[in-house]
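> My structure is stored as query-v4.cif, with mmCIF, C-alpha atoms.
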data_model
#
loop_
_atom_site.label_atom_id
_atom_site.label_comp_id
_atom_site.auth_asym_id
_atom_site.auth_seq_id
_atom_site.Cartn_x
_atom_site.Cartn_y
_atom_site.Cartn_z
CA MET A 1 0.00 0.00 0.00
CA THR A 2 1.33 3.35 -0.97
CA THR A 3 0.46 6.29 1.17
CA ILE A 4 0.59 9.66 -0.45
CA THR A 5 0.76 12.52 1.92
CA ALA A 6 -0.04 15.86 0.42
CA THR A 7 1.17 18.88 2.17
CA GLU A 8 -0.76 21.96 1.41
CA THR A 9 0.90 25.23 1.90
CA SER A 10 -0.99 28.48 1.91
CA ALA A 11 -0.19 32.09 2.66
CA PRO A 12 -1.33 33.37 6.09
CA LEU A 13 -4.66 35.18 6.07
CA PRO A 14 -4.43 38.94 6.41
CA ALA A 15 -5.46 40.33 9.77
CA PRO A 16 -8.88 41.93 9.73
CA ALA A 17 -8.75 45.68 9.37
CA GLU A 18 -9.54 47.55 12.52
CA ARG A 19 -12.81 49.42 12.44
CA PRO A 20 -12.62 53.10 13.22
CA ASP A 21 -13.78 53.98 16.68
CA TYR A 22 -16.92 56.09 16.36
CA ARG A 23 -17.75 57.83 19.58
CA VAL A 24 -20.87 59.77 20.35
CA THR A 25 -19.52 63.20 21.20
CA GLY A 26 -21.27 66.49 21.73
CA ARG A 27 -19.66 67.93 18.62
CA ARG A 28 -20.89 65.07 16.44
CA VAL A 29 -24.40 65.30 17.83
CA LEU A 30 -24.39 69.02 17.06
CA ARG A 31 -23.25 68.36 13.51
CA SER A 32 -25.97 65.75 13.09
CA GLU A 33 -28.69 68.10 14.30
CA TRP A 34 -27.31 70.89 12.12
CA ALA A 35 -27.50 68.63 9.05
CA LYS A 36 -31.03 67.48 9.90
CA LEU A 37 -32.24 71.05 10.38
CA TRP A 38 -31.05 72.25 6.98
CA SER A 39 -32.17 69.11 5.15
CA LEU A 40 -35.82 70.13 5.53
CA ARG A 41 -37.45 72.47 3.03
CA SER A 42 -39.69 73.83 5.77
CA THR A 43 -36.61 75.22 7.54
CA TRP A 44 -35.74 77.52 4.67
CA ILE A 45 -39.35 78.56 4.12
CA THR A 46 -40.17 79.28 7.77
CA LEU A 47 -36.92 81.08 8.53
CA GLY A 48 -37.49 83.17 5.41
CA LEU A 49 -40.99 84.01 6.59
CA GLY A 50 -39.70 84.98 10.02
CA LEU A 51 -37.16 87.33 8.46
CA VAL A 52 -39.75 88.80 6.08
CA PHE A 53 -42.25 89.33 8.91
CA LEU A 54 -39.66 91.09 11.05
CA VAL A 55 -38.49 93.43 8.30
CA ALA A 56 -41.73 93.96 6.38
CA PHE A 57 -43.96 94.79 9.35
CA GLY A 58 -41.32 97.14 10.70
CA LEU A 59 -41.21 99.01 7.40
CA ILE A 60 -45.01 99.09 7.19
CA ALA A 61 -45.22 100.59 10.70
CA ALA A 62 -42.58 103.20 9.83
CA ALA A 63 -44.32 104.10 6.57
CA GLN A 64 -47.66 104.42 8.37
CA TYR A 65 -46.11 106.73 10.96
CA LYS A 66 -44.48 108.89 8.28
CA SER A 67 -47.71 109.06 6.29
CA ARG A 68 -49.75 110.27 9.26
CA ILE A 69 -47.14 112.84 10.21
CA ASP A 70 -47.06 114.26 6.68
CA SER A 71 -50.84 114.33 6.33
CA GLY A 72 -51.45 115.77 9.80
CA HIS A 73 -53.93 113.04 10.73
CA HIS A 74 -54.65 112.43 14.40
CA MET A 75 -52.62 109.60 15.90
CA ASP A 76 -53.09 107.50 18.97
CA PRO A 77 -50.89 108.94 21.76
CA ASP A 78 -48.90 105.71 22.08
CA PHE A 79 -48.27 105.60 18.35
CA ALA A 80 -47.33 109.29 18.33
CA ARG A 81 -44.59 108.56 20.90
CA SER A 82 -43.06 105.82 18.72
CA THR A 83 -39.39 105.82 17.90
CA ALA A 84 -37.49 104.39 14.97
CA VAL A 85 -36.56 101.44 17.22
CA SER A 86 -40.11 100.62 18.30
CA LEU A 87 -41.40 101.00 14.74
CA SER A 88 -38.68 98.83 13.22
CA LEU A 89 -39.28 96.09 15.82
CA PHE A 90 -43.04 96.10 15.33
CA GLY A 91 -42.79 92.78 13.47
CA THR A 92 -41.13 90.95 16.36
CA ASN A 93 -44.42 89.42 17.52
CA PHE A 94 -45.06 88.03 14.04
CA ALA A 95 -41.51 86.76 13.61
CA GLN A 96 -41.66 84.92 16.91
CA LEU A 97 -44.65 82.92 15.68
CA ALA A 98 -42.82 81.75 12.56
CA LEU A 99 -39.67 80.83 14.49
CA GLY A 100 -41.69 79.26 17.29
CA VAL A 101 -43.62 77.02 14.93
CA LEU A 102 -40.41 75.82 13.32
CA GLY A 103 -38.83 75.22 16.73
CA VAL A 104 -41.70 72.95 17.74
CA LEU A 105 -41.41 71.09 14.44
CA VAL A 106 -37.67 70.53 15.00
CA THR A 107 -38.35 68.32 18.01
CA ALA A 108 -42.00 67.24 17.92
CA GLY A 109 -41.76 66.50 14.20
CA GLU A 110 -39.39 63.60 14.90
CA TYR A 111 -41.90 62.09 17.31
CA SER A 112 -44.72 62.31 14.75
CA THR A 113 -42.62 60.58 12.07
CA GLY A 114 -40.99 58.05 14.40
CA MET A 115 -37.50 59.25 13.49
CA ILE A 116 -36.82 59.97 17.14
CA ARG A 117 -36.27 56.24 17.73
CA SER A 118 -33.34 56.21 15.32
CA THR A 119 -31.99 59.39 16.85
CA LEU A 120 -32.08 58.01 20.40
CA ALA A 121 -30.65 54.69 19.26
CA ALA A 122 -27.64 56.58 17.91
CA VAL A 123 -27.39 58.73 21.05
CA PRO A 124 -28.46 56.46 23.93
CA ARG A 125 -27.77 59.06 26.61
CA ARG A 126 -30.67 61.10 25.17
CA LEU A 127 -30.02 64.47 26.80
CA PRO A 128 -27.30 65.51 24.30
CA VAL A 129 -30.01 65.29 21.63
CA LEU A 130 -32.15 67.84 23.45
CA TRP A 131 -29.23 70.16 24.17
CA SER A 132 -28.03 69.97 20.57
CA LYS A 133 -31.43 70.55 18.99
CA SER A 134 -32.11 73.50 21.28
CA ALA A 135 -28.64 75.02 20.81
CA VAL A 136 -28.65 74.67 17.03
CA PHE A 137 -32.09 76.12 16.51
CA GLY A 138 -31.56 78.79 19.17
CA LEU A 139 -28.41 80.02 17.44
CA VAL A 140 -30.11 80.01 14.04
CA SER A 141 -33.05 81.99 15.46
CA LEU A 142 -30.62 84.39 17.13
CA ALA A 143 -28.86 85.01 13.83
CA VAL A 144 -32.09 85.51 11.88
CA GLY A 145 -33.56 87.79 14.55
CA THR A 146 -30.44 89.92 14.89
CA VAL A 147 -29.98 90.37 11.15
CA GLY A 148 -33.66 91.14 10.68
CA ALA A 149 -33.69 93.69 13.53
CA PHE A 150 -30.70 95.61 12.17
CA VAL A 151 -32.00 95.53 8.59
CA ALA A 152 -35.45 96.69 9.67
CA PHE A 153 -33.97 99.57 11.69
CA LEU A 154 -31.65 100.58 8.87
CA PHE A 155 -34.57 101.10 6.47
CA ALA A 156 -37.17 102.26 9.01
CA SER A 157 -34.86 104.97 10.35
CA GLY A 158 -34.50 106.28 6.81
CA ILE A 159 -38.28 106.36 6.34
CA VAL A 160 -38.92 108.38 9.52
CA SER A 161 -35.94 110.67 9.02
CA GLY A 162 -36.86 114.26 9.83
CA THR A 163 -39.63 113.31 12.28
CA ASN A 164 -39.68 113.08 16.07
CA ALA A 165 -39.12 109.33 15.76
CA ALA A 166 -35.85 109.71 13.88
CA MET A 167 -32.87 107.87 15.35
CA THR A 168 -29.50 106.53 14.29
CA PHE A 169 -27.29 103.70 15.52
CA SER A 170 -25.35 106.22 17.62
CA HIS A 171 -28.35 107.08 19.80
CA PRO A 172 -28.11 105.65 23.35
CA GLY A 173 -29.78 102.28 23.70
CA VAL A 174 -30.42 101.64 20.00
CA VAL A 175 -27.82 98.91 19.46
CA ARG A 176 -28.72 97.34 22.81
CA SER A 177 -32.40 97.20 21.81
CA LEU A 178 -31.65 95.63 18.43
CA LEU A 179 -29.36 93.02 19.97
CA GLY A 180 -31.98 92.40 22.65
CA ALA A 181 -34.60 91.69 19.99
CA GLY A 182 -32.31 89.15 18.33
CA LEU A 183 -31.56 87.50 21.67
CA TYR A 184 -35.27 87.38 22.51
CA LEU A 185 -36.07 85.58 19.25
CA GLY A 186 -33.16 83.21 19.84
CA LEU A 187 -34.53 82.26 23.26
CA VAL A 188 -38.03 81.88 21.77
CA GLY A 189 -36.46 79.31 19.44
CA VAL A 190 -35.00 77.42 22.41
CA ILE A 191 -38.31 77.48 24.30
CA SER A 192 -40.26 76.26 21.27
CA ALA A 193 -37.84 73.37 20.72
CA ALA A 194 -38.16 72.46 24.40
CA LEU A 195 -41.96 72.56 24.21
CA GLY A 196 -41.90 70.25 21.22
CA ALA A 197 -39.77 67.74 23.15
CA LEU A 198 -41.91 68.10 26.27
CA LEU A 199 -45.33 67.69 24.65
CA ARG A 200 -44.21 65.51 21.68
CA SER A 201 -47.05 66.97 19.64
CA VAL A 202 -46.77 69.64 16.96
CA ALA A 203 -50.29 70.94 17.57
CA GLY A 204 -49.87 70.85 21.35
CA GLY A 205 -46.50 72.59 21.29
CA ILE A 206 -47.70 75.37 18.99
CA SER A 207 -50.85 75.87 21.05
CA VAL A 208 -48.93 76.23 24.32
CA LEU A 209 -46.40 78.56 22.72
CA VAL A 210 -49.07 80.85 21.24
CA GLY A 211 -51.03 80.76 24.48
CA ALA A 212 -48.03 81.65 26.63
CA LEU A 213 -46.77 84.47 24.39
CA MET A 214 -50.01 86.00 23.13
CA LEU A 215 -53.14 84.80 24.95
CA VAL A 216 -52.09 84.80 28.60
CA PRO A 217 -51.22 88.54 28.64
CA GLY A 218 -54.72 89.31 27.43
CA LEU A 219 -56.27 87.13 30.13
CA ILE A 220 -54.15 88.79 32.81
CA SER A 221 -55.70 92.13 31.82
CA LEU A 222 -59.01 90.82 33.20
CA LEU A 223 -57.56 90.61 36.71
CA PRO A 224 -57.70 93.49 39.22
CA SER A 225 -55.18 96.25 38.55
CA SER A 226 -53.13 95.47 41.65
CA TRP A 227 -52.71 91.86 40.51
CA GLN A 228 -51.81 92.92 36.98
CA ASP A 229 -48.97 95.10 38.24
CA ASP A 230 -47.54 92.20 40.25
CA ILE A 231 -47.92 89.48 37.59
CA SER A 232 -47.78 91.10 34.17
CA PRO A 233 -44.07 92.12 34.09
CA TYR A 234 -43.00 88.51 34.75
CA LEU A 235 -44.97 86.91 31.93
CA PRO A 236 -42.74 85.49 29.17
CA SER A 237 -43.86 87.95 26.50
CA ASN A 238 -43.65 91.04 28.72
CA ALA A 239 -40.30 90.06 30.21
CA GLY A 240 -39.00 89.40 26.71
CA GLU A 241 -40.31 92.72 25.43
CA SER A 242 -38.46 94.56 28.18
CA MET A 243 -35.22 93.09 26.79
CA PHE A 244 -35.48 95.21 23.66
CA ALA A 245 -37.66 98.13 24.75
CA LEU A 246 -35.86 101.46 24.45
CA THR A 247 -37.61 103.07 27.42
CA HIS A 248 -38.97 101.64 30.65
CA ASP A 249 -41.28 102.74 33.44
CA SER A 250 -42.37 101.50 36.85
CA THR A 251 -44.67 98.86 35.34
CA THR A 252 -41.96 97.15 33.27
CA LEU A 253 -38.72 95.37 34.04
CA SER A 254 -35.29 96.68 33.18
CA PRO A 255 -33.51 95.00 30.24
CA THR A 256 -31.29 92.99 32.59
CA ALA A 257 -34.18 91.91 34.82
CA GLY A 258 -36.25 91.01 31.76
CA LEU A 259 -33.40 88.88 30.43
CA VAL A 260 -33.05 87.08 33.77
CA VAL A 261 -36.80 86.36 33.94
CA PHE A 262 -36.97 85.17 30.34
CA LEU A 263 -33.92 82.97 30.88
CA GLY A 264 -35.77 81.49 33.85
CA TRP A 265 -38.72 80.58 31.61
CA THR A 266 -36.29 79.08 29.10
CA VAL A 267 -34.58 76.95 31.74
CA LEU A 268 -37.97 75.81 33.05
CA ALA A 269 -39.05 74.64 29.58
CA LEU A 270 -35.74 72.84 29.02
CA ALA A 271 -35.91 71.19 32.45
CA GLY A 272 -39.40 69.85 31.75
CA ALA A 273 -38.35 68.51 28.36
CA ALA A 274 -35.22 66.90 29.82
CA CYS A 275 -37.19 65.25 32.61
CA ARG A 276 -39.69 63.70 30.23
CA LEU A 277 -37.02 62.65 27.75
CA VAL A 278 -35.13 60.73 30.44
CA ARG A 279 -38.11 59.20 32.24
CA SER A 280 -40.38 58.13 29.38
CA ASP A 281 -39.92 56.05 26.25
CA ALA A 282 -39.91 57.49 22.78
#
Starting from the coordinates I provided, produce the structure as structure tokens.

Amino acid sequence: MTTITATETSAPLPAPAERPDYRVTGRRVLRSEWAKLWSLRSTWITLGLGLVFLVAFGLIAAAQYKSRIDSGHHMDPDFARSTAVSLSLFGTNFAQLALGVLGVLVTAGEYSTGMIRSTLAAVPRRLPVLWSKSAVFGLVSLAVGTVGAFVAFLFASGIVSGTNAAMTFSHPGVVRSLLGAGLYLGLVGVISAALGALLRSVAGGISVLVGALMLVPGLISLLPSSWQDDISPYLPSNAGESMFALTHDSTTLSPTAGLVVFLGWTVLALAGAACRLVRSDA
């Protein structure tokens, strides 16, 4: 019997390539949320509307003021005391609605589509998602609001030139007011994103935002005068308005106090959203 032994020789197998180590970092979460924000067509449309509202309504208010001055028509005393700053920032209330709606959509929209499950699977710690969404949209709202405020004032001041409302950037408090308006809209963006994460409903988030900023002040006016004086300055909308108002009286907060109060409302909204995000499932 012949035994044939075959010896097979083969080259050693290459070692498997090491996979890159992908860590979930705050910077990467921010980049992800930035990319998601600008991938939506509604982002461009709504931010554009917010900018248009801020500038257009400011110019309309300035043109209306100039027209009544030239024609000699009677004006409401409050309107007669307007300044170029107050006229140019007339559209702030309209801009905050556009930015607020988009802020709610940024967070609550992911819950309605179910995309939030993928997001939280990629970022298991959860809270960085909330911080990143709020920071990204807050900064975008801040930029849009600040640019819109300065553009509106630039044109509105030209319209009312030669009237009692005329002002320039060199007037005391003008730049502070314009920056305050941009900061206010930026914080509105943060609050709206937090409300979307807290309520997880687009309709619910928008309703609470509109109610807090526009309806509650009207309801407070039904209370006795002594109660109004104690409560009204600390409402979100009134505290925010004091951030960019050029003049103040005994019934309003100073710009610094208004900023502190509005920051308190912002922190409260973020705390509620964070608590629900950690304690309940997506």
> May I have the residues within 7 Å of range 89-103 of chain A as a list in words, using all atoms listed in the file and disregarding those fewer than 5 positions away in the same chain?
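So, after excluding close chain neighbours, the residues are Thr43, Thr46, Leu47, Leu49, Gly50, Leu51, Phe53, Leu54, Val55, Phe57, Gly58, Ala61, Phe137, Ser141, Ala149, Leu185, Val188, Gly189, Ser192, Ala193 and Ile206 of chain A.
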> Which one of A:Gly48, A:Gly148, A:Pro128, A:Pro172 sits closest to Thr25 in chain A if you count all atoms listed in the file?
A:Pro128
> As a check of understanding, name the residues that the PyMOL selection byres ((chain A and resi 156) around 10) selects in the supplied structure, as a ChimeraX atom specification.
/A:55-56,58-63,66,83-89,150-155,157-161,165-167
> Neighbourhood query: residues within 9 Å of (-27.7, 61.2, 15.9), file coordinates, counting only C-alpha atoms; return as a list in words.
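Residues close enough to count: Val24, Arg28, Val29, Leu30, Arg31, Ser32, Glu33, Ser118, Thr119, Leu120, Ala121, Ala122, Val123 and Val129 of chain A.
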> Step by step, work through what the PyMOL selection byres ((chain A and resi 273) around 6) selects in the shown file, and finish by giving those residues as a list of chain:residue names.
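When the PyMOL selection byres ((chain A and resi 273) around 6) is applied, the selected residues are A:Ala194, A:Ala197, A:Leu198, A:Leu270, A:Ala271, A:Gly272, A:Ala274, A:Cys275, A:Arg276.
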> Write out as number ranges by chain which residues come within 12 Å of Leu263 in chain A when counting all atoms listed in the file, dropping same-chain ones fewer than 4 positions away.
A: 183-184, 186-188, 190-191, 234-237, 239-240, 243, 256-259, 267-270
> Compare A:Gly180, A:Pro224, A:Gly204, A:Gly114 by their minimum atom-to-atom distance to Gly145 in chain A, counting all atoms listed in the file, and give me the closest one.
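Residue with the minimum atom-to-atom distance to Gly145 in chain A: A:Gly180.
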> Report as a ChimeraX atom specification all protein, DNA and RNA residues lying within 10 Å of Ser201 in chain A, evaluated on all atoms listed in the file, omitting residues in the same chain fewer than 4 positions from it.
/A:104-105,107-112,195-197,205-207
> Which protein, DNA or RNA residues are at most 10 Å from (-29.9, 97.6, 20.8) in the file's coordinates when you count all atoms listed in the file, listed as an mmCIF file with C-alpha atoms, in the frame of the given file?

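Written out: point01.cif:
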data_model
loop_
_atom_site.group_PDB
_atom_site.id
_atom_site.type_symbol
_atom_site.label_atom_id
_atom_site.label_comp_id
_atom_site.auth_asym_id
_atom_site.auth_seq_id
_atom_site.Cartn_x
_atom_site.Cartn_y
_atom_site.Cartn_z
ATOM 1 C CA VAL A 85 -36.560 101.440 17.220
ATOM 2 C CA THR A 146 -30.440 89.920 14.890
ATOM 3 C CA ALA A 149 -33.690 93.690 13.530
ATOM 4 C CA PHE A 150 -30.700 95.610 12.170
ATOM 5 C CA PHE A 169 -27.290 103.700 15.520
ATOM 6 C CA HIS A 171 -28.350 107.080 19.800
ATOM 7 C CA PRO A 172 -28.110 105.650 23.350
ATOM 8 C CA GLY A 173 -29.780 102.280 23.700
ATOM 9 C CA VAL A 174 -30.420 101.640 20.000
ATOM 10 C CA VAL A 175 -27.820 98.910 19.460
ATOM 11 C CA ARG A 176 -28.720 97.340 22.810
ATOM 12 C CA SER A 177 -32.400 97.200 21.810
ATOM 13 C CA LEU A 178 -31.650 95.630 18.430
ATOM 14 C CA LEU A 179 -29.360 93.020 19.970
ATOM 15 C CA GLY A 180 -31.980 92.400 22.650
ATOM 16 C CA ALA A 181 -34.600 91.690 19.990
ATOM 17 C CA GLY A 182 -32.310 89.150 18.330
ATOM 18 C CA MET A 243 -35.220 93.090 26.790
ATOM 19 C CA PHE A 244 -35.480 95.210 23.660
ATOM 20 C CA ALA A 245 -37.660 98.130 24.750
ATOM 21 C CA LEU A 246 -35.860 101.460 24.450
#
> Which distance in Å separates CA of Trp34 in chain A and CA of Ala135 in chain A, to one decimal?
9.7 Å
> Using CA of Thr251 in chain A and CA of Trp227 in chain A as the two end points, give the distance in Å to one decimal.
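Between these atoms lies a distance of 11.8 Å.
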